[in-house]
>>> print(open('start01.tsv').read())   # TSV, C-alpha atoms and all ligand atoms
chain	number	residue	atom	x	y	z
N	1	MET	CA	87.93	-52.59	-16.34
N	2	THR	CA	89.06	-55.72	-18.14
N	3	ALA	CA	87.18	-57.18	-21.05
N	4	THR	CA	87.96	-60.01	-23.42
N	5	THR	CA	87.99	-59.58	-27.17
N	6	PHE	CA	84.92	-61.80	-27.21
N	7	GLN	CA	83.04	-59.42	-24.91
N	8	VAL	CA	84.08	-56.53	-27.10
N	9	GLU	CA	82.87	-58.47	-30.13
N	10	ILE	CA	79.47	-59.01	-28.52
N	11	ALA	CA	79.19	-55.39	-27.44
N	12	ARG	CA	80.10	-54.32	-30.94
N	13	GLU	CA	77.48	-56.58	-32.45
N	14	ALA	CA	74.93	-55.22	-30.00
N	15	VAL	CA	75.78	-51.70	-31.11
N	16	GLU	CA	75.29	-52.73	-34.72
N	17	GLU	CA	72.01	-54.43	-33.98
N	18	CYS	CA	70.76	-51.39	-32.11
N	19	ALA	CA	71.94	-49.03	-34.83
N	20	ALA	CA	69.91	-51.07	-37.30
N	21	ALA	CA	66.92	-51.04	-34.97
N	22	VAL	CA	67.19	-47.26	-34.77
N	23	GLU	CA	67.34	-47.14	-38.57
N	24	ASN	CA	64.17	-49.20	-38.64
N	25	GLY	CA	62.51	-46.80	-36.25
N	26	GLU	CA	61.90	-49.48	-33.63
N	27	PRO	CA	60.53	-48.07	-30.38
N	28	GLY	CA	63.11	-47.66	-27.63
N	29	ALA	CA	65.97	-48.51	-29.95
N	30	GLN	CA	67.78	-45.21	-29.43
N	31	ALA	CA	68.08	-45.85	-25.68
N	32	ASP	CA	69.31	-49.41	-26.35
N	33	LEU	CA	71.87	-48.07	-28.81
N	34	GLU	CA	73.21	-45.57	-26.29
N	35	ARG	CA	73.50	-48.31	-23.65
N	36	ALA	CA	75.31	-50.63	-26.07
N	37	GLN	CA	77.65	-47.84	-27.15
N	38	ALA	CA	78.38	-46.93	-23.55
N	39	LEU	CA	79.18	-50.57	-22.78
N	40	LEU	CA	81.44	-50.89	-25.80
N	41	GLU	CA	83.23	-47.66	-24.94
N	42	LYS	CA	83.70	-48.85	-21.37
N	43	TYR	CA	85.27	-52.10	-22.60
N	44	LEU	CA	87.51	-50.32	-25.05
N	45	GLY	CA	88.49	-47.68	-22.49
N	46	GLY	CA	89.87	-50.41	-20.19
N	47	VAL	CA	92.15	-53.35	-20.74
N	48	VAL	CA	91.13	-55.74	-23.49
N	49	ILE	CA	92.66	-59.20	-23.29
N	50	GLU	CA	92.66	-61.72	-26.13
N	51	ASP	CA	90.04	-64.39	-25.77
N	52	THR	CA	91.93	-67.66	-26.21
N	53	LYS	CA	88.99	-69.60	-27.63
N	54	ASN	CA	88.37	-66.91	-30.20
N	55	VAL	CA	92.02	-66.73	-31.18
N	56	ALA	CA	92.13	-70.51	-31.65
N	57	ALA	CA	89.08	-70.39	-33.88
N	58	GLU	CA	90.58	-67.55	-35.85
N	59	HIS	CA	93.72	-69.57	-36.60
N	60	ASP	CA	91.95	-72.82	-37.37
N	61	PRO	CA	92.44	-73.42	-41.11
N	62	ASN	CA	89.35	-75.67	-41.18
N	63	ARG	CA	87.16	-73.01	-39.69
N	64	LYS	CA	84.11	-72.42	-41.84
N	65	ARG	CA	83.84	-68.89	-43.01
N	66	PRO	CA	80.67	-67.17	-44.15
N	67	GLU	CA	80.00	-67.23	-47.85
N	68	GLY	CA	80.47	-64.13	-49.92
N	69	GLY	CA	83.36	-61.79	-50.52
N	70	LYS	CA	86.55	-62.17	-52.50
N	71	ILE	CA	88.74	-65.25	-52.21
N	72	HIS	CA	91.86	-64.36	-50.28
N	73	ARG	CA	94.95	-66.47	-49.55
N	74	ASN	CA	97.12	-65.93	-46.48
N	75	GLN	CA	99.40	-68.02	-44.27
N	76	TYR	CA	96.41	-69.82	-42.77
N	77	GLY	CA	95.01	-70.97	-46.09
N	78	VAL	CA	92.27	-69.75	-48.36
N	79	CYS	CA	89.42	-67.73	-47.01
N	80	ARG	CA	86.88	-65.24	-48.19
N	81	VAL	CA	87.44	-61.62	-47.30
N	82	ARG	CA	84.17	-60.01	-46.44
N	83	THR	CA	83.82	-56.29	-46.93
N	84	VAL	CA	81.61	-54.36	-44.53
N	85	SER	CA	77.85	-54.77	-44.85
N	86	ASP	CA	75.57	-51.81	-45.56
N	87	LYS	CA	74.53	-51.84	-41.94
N	88	GLN	CA	78.10	-51.64	-40.71
N	89	ALA	CA	78.92	-48.99	-43.29
N	90	ARG	CA	76.04	-46.83	-42.02
N	91	PHE	CA	77.25	-47.26	-38.47
N	92	ILE	CA	80.83	-46.30	-39.39
N	93	GLN	CA	79.63	-43.33	-41.44
N	94	ASN	CA	77.62	-42.10	-38.48
N	95	LEU	CA	80.73	-42.34	-36.27
N	96	ILE	CA	82.80	-40.46	-38.86
N	97	ASP	CA	80.15	-37.76	-39.01
N	98	THR	CA	80.04	-37.27	-35.26
N	99	ARG	CA	83.72	-37.47	-34.23
N	100	VAL	CA	86.65	-35.10	-34.42
N	101	ILE	CA	88.94	-36.90	-36.87
N	102	PRO	CA	92.65	-36.02	-36.73
N	103	ALA	CA	94.44	-35.42	-40.03
N	104	THR	CA	97.19	-37.95	-39.30
N	105	GLY	CA	97.80	-41.03	-37.21
N	106	GLY	CA	95.53	-43.76	-36.00
N	107	GLU	CA	93.48	-45.73	-38.52
N	108	GLN	CA	93.97	-43.45	-41.52
N	109	VAL	CA	94.54	-46.42	-43.84
N	110	ALA	CA	91.32	-48.11	-42.78
N	111	LEU	CA	89.51	-44.78	-43.03
N	112	ALA	CA	90.74	-44.31	-46.60
N	113	ALA	CA	89.71	-47.88	-47.44
N	114	PHE	CA	86.25	-47.21	-46.01
N	115	ARG	CA	85.87	-44.11	-48.16
N	116	GLN	CA	86.87	-46.17	-51.22
N	117	GLY	CA	84.40	-48.92	-50.31
N	118	THR	CA	87.12	-51.57	-49.92
N	119	LEU	CA	87.23	-51.88	-46.13
N	120	ASN	CA	87.16	-55.49	-44.92
N	121	LEU	CA	85.55	-56.67	-41.69
N	122	ARG	CA	88.72	-57.06	-39.69
N	123	HIS	CA	89.90	-53.54	-40.39
N	124	ALA	CA	86.37	-52.31	-39.86
N	125	SER	CA	86.51	-53.28	-36.19
N	126	ASP	CA	89.87	-51.52	-35.80
N	127	LEU	CA	88.39	-48.44	-37.41
N	128	ILE	CA	85.29	-48.57	-35.21
N	129	GLU	CA	87.42	-48.94	-32.08
N	130	TRP	CA	89.50	-45.95	-33.04
N	131	LEU	CA	86.49	-43.81	-33.98
N	132	LEU	CA	84.66	-44.63	-30.75
N	133	LEU	CA	87.54	-43.31	-28.69
N	134	LEU	CA	87.83	-40.03	-30.60
N	135	PRO	CA	86.16	-36.98	-29.05
N	136	LYS	CA	82.67	-36.17	-30.27
N	137	ASN	CA	82.15	-33.15	-32.49
N	138	GLU	CA	79.32	-30.60	-32.24
N	139	LYS	CA	77.26	-32.61	-34.75
N	140	ALA	CA	77.04	-35.52	-32.31
N	141	ASP	CA	74.61	-33.59	-30.13
N	142	GLN	CA	72.42	-32.44	-32.98
N	143	PRO	CA	69.26	-34.43	-33.58
N	144	ARG	CA	69.82	-36.96	-36.31
N	145	LEU	CA	67.49	-36.95	-39.31
N	146	ALA	CA	65.43	-40.06	-40.01
N	147	SER	CA	66.92	-42.57	-42.44
N	148	GLU	CA	65.24	-42.99	-45.83
N	149	LYS	CA	64.18	-46.46	-44.73
N	150	ALA	CA	62.49	-45.26	-41.54
N	151	LEU	CA	60.87	-42.43	-43.48
N	152	GLY	CA	59.61	-44.90	-46.08
N	153	PHE	CA	58.09	-47.04	-43.34
N	154	LEU	CA	56.47	-43.95	-41.80
N	155	ARG	CA	54.99	-42.98	-45.18
N	156	SER	CA	53.52	-46.47	-45.64
N	157	LEU	CA	51.92	-46.26	-42.17
N	158	VAL	CA	50.50	-42.84	-43.03
N	159	GLU	CA	48.71	-44.56	-45.92
N	160	SER	CA	47.53	-47.65	-44.07
N	161	GLN	CA	46.79	-46.39	-40.54
N	162	ASN	CA	43.90	-44.40	-39.13
N	163	VAL	CA	45.52	-40.94	-39.17
N	164	ALA	CA	42.24	-39.30	-38.14
N	165	ALA	CA	42.54	-40.95	-34.70
N	166	LEU	CA	45.92	-39.31	-33.96
N	167	SER	CA	46.27	-36.32	-31.64
N	168	GLU	CA	46.07	-32.93	-33.35
N	169	ALA	CA	49.80	-32.40	-32.85
N	170	ASP	CA	50.61	-35.75	-34.49
N	171	GLN	CA	48.19	-35.07	-37.33
N	172	ALA	CA	50.06	-31.84	-37.98
N	173	LYS	CA	53.33	-33.80	-38.11
N	174	VAL	CA	51.78	-36.27	-40.58
N	175	GLU	CA	50.76	-33.30	-42.70
N	176	HIS	CA	54.38	-32.07	-42.72
N	177	VAL	CA	55.55	-35.51	-43.84
N	178	ARG	CA	52.92	-35.55	-46.58
N	179	ASN	CA	54.23	-32.18	-47.72
N	180	GLY	CA	57.73	-33.62	-48.06
N	181	ALA	CA	59.28	-32.66	-44.71
N	182	HIS	CA	62.23	-34.74	-43.45
N	183	PRO	CA	61.70	-35.23	-39.69
N	184	THR	CA	64.34	-36.21	-37.14
N	185	ALA	CA	64.93	-39.87	-36.28
N	186	LYS	CA	63.30	-39.31	-32.89
N	187	ASP	CA	60.16	-37.65	-34.29
N	188	THR	CA	59.88	-40.36	-36.93
N	189	SER	CA	60.18	-43.13	-34.38
N	190	ASP	CA	57.58	-41.45	-32.11
N	191	LEU	CA	55.19	-40.92	-35.00
N	192	ILE	CA	55.60	-44.55	-36.10
N	193	ASP	CA	54.69	-45.66	-32.54
N	194	ALA	CA	51.63	-43.38	-32.52
N	195	LEU	CA	50.48	-44.64	-35.92
N	196	LYS	CA	50.87	-48.26	-34.83
N	197	ARG	CA	48.77	-47.53	-31.74
N	198	VAL	CA	45.78	-46.06	-33.61
N	199	GLY	CA	45.47	-49.12	-35.85
N	200	LYS	CA	44.40	-49.49	-39.45
N	201	LYS	CA	42.31	-47.07	-41.42
N	202	PRO	CA	38.66	-48.19	-41.35
N	203	VAL	CA	37.71	-50.10	-44.50
N	204	GLU	CA	35.58	-48.05	-46.86
N	205	MET	CA	32.55	-49.96	-48.15
N	206	VAL	CA	31.05	-49.36	-51.56
N	207	GLN	CA	28.07	-50.81	-53.38
N	208	HIS	CA	29.12	-53.23	-56.07
N	209	ARG	CA	27.07	-53.27	-59.27
N	210	SER	CA	25.57	-56.59	-58.10
N	211	GLY	CA	23.98	-54.62	-55.26
N	212	LYS	CA	26.20	-56.10	-52.55
N	213	MET	CA	28.25	-53.95	-50.23
N	214	VAL	CA	31.95	-54.77	-50.71
N	215	ALA	CA	35.20	-53.40	-49.34
N	216	LYS	CA	36.43	-50.60	-51.55
N	217	SER	CA	39.56	-51.69	-53.28
N	218	GLU	CA	41.88	-49.19	-54.91
N	219	VAL	CA	42.09	-51.61	-57.80
N	220	GLU	CA	38.91	-52.01	-59.83
N	221	ASP	CA	38.05	-54.57	-62.46
N	222	GLY	CA	39.61	-54.10	-65.87
N	223	ILE	CA	42.74	-54.87	-67.87
N	224	TYR	CA	46.13	-54.38	-66.26
N	225	ARG	CA	49.71	-54.73	-67.37
N	226	LYS	CA	52.60	-55.35	-65.02
N	227	ASP	CA	56.14	-56.50	-65.89
N	228	ASP	CA	55.01	-57.11	-69.48
N	229	VAL	CA	52.26	-59.48	-68.39
N	230	VAL	CA	48.64	-58.60	-69.15
N	231	TYR	CA	46.07	-59.32	-66.43
N	232	LYS	CA	42.32	-59.27	-66.44
N	233	VAL	CA	41.01	-58.28	-63.01
N	234	GLN	CA	37.47	-59.33	-62.26
N	235	TYR	CA	35.14	-60.02	-59.38
N	236	ASN	CA	34.49	-63.53	-58.15
N	237	LEU	CA	30.95	-64.86	-58.59
N	238	ALA	CA	29.84	-63.62	-55.18
N	239	GLY	CA	31.04	-60.14	-56.11
N	240	THR	CA	33.05	-59.88	-52.91
N	241	ASN	CA	36.60	-60.20	-54.12
N	242	LEU	CA	38.77	-59.25	-57.05
N	243	TYR	CA	41.15	-61.70	-58.63
N	244	ALA	CA	43.48	-61.63	-61.62
N	245	LYS	CA	43.90	-63.83	-64.67
N	246	ARG	CA	47.03	-63.77	-66.79
N	247	LEU	CA	46.87	-63.51	-70.61
N	248	VAL	CA	48.82	-66.30	-72.31
N	249	LEU	CA	49.32	-66.15	-76.09
N	250	ASP	CA	49.97	-69.25	-78.17
N	251	GLU	CA	52.19	-69.23	-81.28
N	252	GLU	CA	49.37	-67.98	-83.50
N	253	GLY	CA	48.55	-65.17	-81.10
N	254	ASN	CA	45.39	-66.72	-79.69
N	255	GLY	CA	45.06	-65.74	-76.11
N	256	SER	CA	43.75	-67.66	-73.14
N	257	TRP	CA	43.34	-66.61	-69.52
N	258	GLU	CA	45.13	-68.41	-66.74
N	259	TYR	CA	44.26	-67.92	-63.07
N	260	ALA	CA	46.97	-65.75	-61.46
N	261	GLY	CA	45.63	-65.12	-57.95
N	262	GLY	CA	44.34	-62.25	-55.84
N	263	VAL	CA	45.07	-58.67	-56.86
N	264	ARG	CA	47.30	-58.19	-53.81
N	265	LYS	CA	49.29	-61.35	-54.47
N	266	VAL	CA	49.92	-60.35	-58.08
N	267	GLY	CA	50.86	-56.88	-56.84
N	268	LEU	CA	48.56	-54.88	-59.09
N	269	THR	CA	47.99	-51.22	-58.26
N	270	PRO	CA	45.86	-48.57	-60.01
N	271	GLU	CA	48.82	-47.35	-62.04
N	272	HIS	CA	49.06	-50.75	-63.76
N	273	LYS	CA	45.62	-50.30	-65.31
N	274	MET	CA	45.78	-50.13	-69.10
N	275	THR	CA	44.30	-47.19	-70.95
N	276	LEU	CA	42.46	-47.59	-74.25
N	277	GLU	CA	45.57	-46.21	-75.98
N	278	GLN	CA	47.77	-48.88	-74.41
N	279	ALA	CA	45.22	-51.57	-75.30
N	280	LYS	CA	45.33	-50.43	-78.92
N	281	GLU	CA	49.12	-50.45	-78.96
N	282	PHE	CA	49.11	-54.00	-77.62
N	283	GLY	CA	46.62	-55.08	-80.29
N	284	ALA	CA	48.65	-53.46	-83.06
N	285	LEU	CA	51.80	-55.19	-81.83
N	286	TYR	CA	50.45	-58.71	-81.24
N	287	GLY	CA	47.34	-58.79	-83.42
N	288	THR	CA	45.41	-59.91	-80.37
N	289	CYS	CA	42.67	-58.08	-78.50
N	290	VAL	CA	44.07	-57.40	-75.04
N	291	ALA	CA	40.65	-57.38	-73.38
N	292	CYS	CA	39.30	-60.72	-74.58
N	293	GLY	CA	42.42	-62.43	-75.88
N	294	ARG	CA	40.92	-63.17	-79.28
N	295	ARG	CA	42.91	-62.86	-82.48
N	296	LEU	CA	41.93	-59.68	-84.33
N	297	THR	CA	40.45	-60.77	-87.71
N	298	ASN	CA	38.12	-57.98	-88.75
N	299	GLU	CA	40.02	-55.41	-90.82
N	300	GLU	CA	38.70	-52.46	-88.85
N	301	SER	CA	39.62	-54.13	-85.59
N	302	ILE	CA	43.14	-54.88	-86.83
N	303	GLU	CA	43.44	-51.22	-87.76
N	304	ALA	CA	42.15	-50.10	-84.35
N	305	GLY	CA	44.17	-52.71	-82.42
N	306	ILE	CA	41.07	-53.71	-80.48
N	307	GLY	CA	37.56	-55.04	-81.14
N	308	PRO	CA	34.67	-52.52	-80.97
N	309	VAL	CA	32.91	-54.27	-78.07
N	310	CYS	CA	36.10	-54.53	-76.01
N	311	ALA	CA	37.06	-50.92	-76.81
N	312	SER	CA	33.81	-49.76	-75.23
N	313	LYS	CA	34.88	-51.28	-71.91
N	314	PHE	CA	37.82	-48.92	-71.47
R	401	ZN	ZN	38.23	-58.28	-77.62
>>> encode(input="start01.tsv", output="structure tokens")
Amino acid sequence: MTATTFQVEIAREAVEECAAAVENGEPGAQADLERAQALLEKYLGGVVIEDTKNVAAEHDPNRKRPEGGKIHRNQYGVCRVRTVSDKQARFIQNLIDTRVIPATGGEQVALAAFRQGTLNLRHASDLIEWLLLLPKNEKADQPRLASEKALGFLRSLVESQNVAALSEADQAKVEHVRNGAHPTAKDTSDLIDALKRVGKKPVEMVQHRSGKMVAKSEVEDGIYRKDDVVYKVQYNLAGTNLYAKRLVLDEEGNGSWEYAGGVRKVGLTPEHKMTLEQAKEFGALYGTCVACGRRLTNEESIEAGIGPVCASKF
């Protein structure tokens, strides 16, 4: 088997891509990863010849290099040294975890650099090559646990998708996840597929005070605060949609409301809703009623941090 360095490069990139896809819990990614790894191992197990085009590019001082990384000067001029990306670091860590690593010889220097977080891309490929050819340890055959990212995606699907339409077995798995279980990568990927198949949770309808039936939103009308900005969330005239206005204070502390957009766009969630206590604190701090934006003038209101009418709305 003879492969060029370019082929090896492509196979290596494919492995990285697939490893990332597995991290993301994409369906079928594990099989793709194994194929890409097998291909790369086959290349590296045979004769690898230098790809002349690649070598020429590598030595071209005018060659554009990707941005980022430390400036580095060598005999070819100035370039940026890129350290490994998070994705590559995860891939290398997985190899380290699943191979029998000898105490001496081979790419010990690169391995040490990796552990210190200073490994650059060039040495990363040497390290990966070396690791791929090492024998697998017993951990390699154990099912891998889902990454935090995949688990996070699964949790978001559990919230948004129609869990009730899953099979009983899958519903039980969802229950485990809700109770804080950490499933394997395979189970997570399967469950993500199943949740995608059943579609979104049906929209719950509620009667708005205008009498109309509207989609139940987790966010209700009221006063919110997010990233130090105060928002008033209210229904549109038709009573079908919630939108947010932003409180803007002038130099004297007189407030006005500026259209900010839909609740989703602004990113408001129930935990951003202000309590009466928080409204009072705001009023005491700025001398402005947080609910209506008016300057507090009445002595009692200044004391309370909020006007009596507005306080009754909380
Ligand atoms: Zn007020």
>>> residues_near_ligand(input="start01.tsv", ligand="ligand ZN 401 (chain R)", cutoff="8 Å", atoms="all atoms listed in the file", output="MDAnalysis selection string")
chainID N and resid 288:294 296 306:311
>>> closest_residue(input="start01.tsv", among="N:Asn137, N:Thr269, N:Gly222, N:Glu281", to="Lys313 of chain N", atoms="all atoms listed in the file")
N:Gly222
>>> atom_distance(input="start01.tsv", atom1="atom CA of Val266 of chain N", atom2="atom CA of Leu237 of chain N")
19.5 Å
>>> atom_distance(input="start01.tsv", atom1="atom CA of Pro270 of chain N", atom2="atom CA of Glu220 of chain N")
7.8 Å
>>> atom_distance(input="start01.tsv", atom1="atom CA of Glu138 of chain N", atom2="atom CA of Pro183 of chain N")
19.7 Å
>>> residues_around(input="start01.tsv", residues="Ala31 of chain N", least_positions_apart="4", cutoff="9 Å", atoms="only C-alpha atoms", output="PDB file with C-alpha atoms, in the coordinates of the input")
ATOM      1  CA  CYS N  18      70.760 -51.390 -32.110  1.00  0.00           C
ATOM      2  CA  ARG N  35      73.500 -48.310 -23.650  1.00  0.00           C
ATOM      3  CA  ALA N  36      75.310 -50.630 -26.070  1.00  0.00           C
TER       4      ALA N  36
END
>>> residues_around(input="start01.tsv", residues="segment 223-230 of chain N", least_positions_apart="4", cutoff="8 Å", atoms="all atoms listed in the file", output="PyMOL selection string")
chain N and resi 246-247+268+272-274+290-291
>>> closest_residue(input="start01.tsv", among="N:Leu195, N:Ala113, N:Val177, N:Leu121", to="Ala164 of chain N", atoms="all atoms listed in the file")
N:Leu195
>>> closest_residue(input="start01.tsv", among="N:Thr4, N:Asn179, N:Thr275, N:Ser85", to="Thr118 of chain N", atoms="all atoms listed in the file")
N:Ser85
>>> closest_residue(input="start01.tsv", among="N:Gly305, N:Lys87, N:Leu157, N:His182", to="Lys200 of chain N", atoms="all atoms listed in the file")
N:Leu157
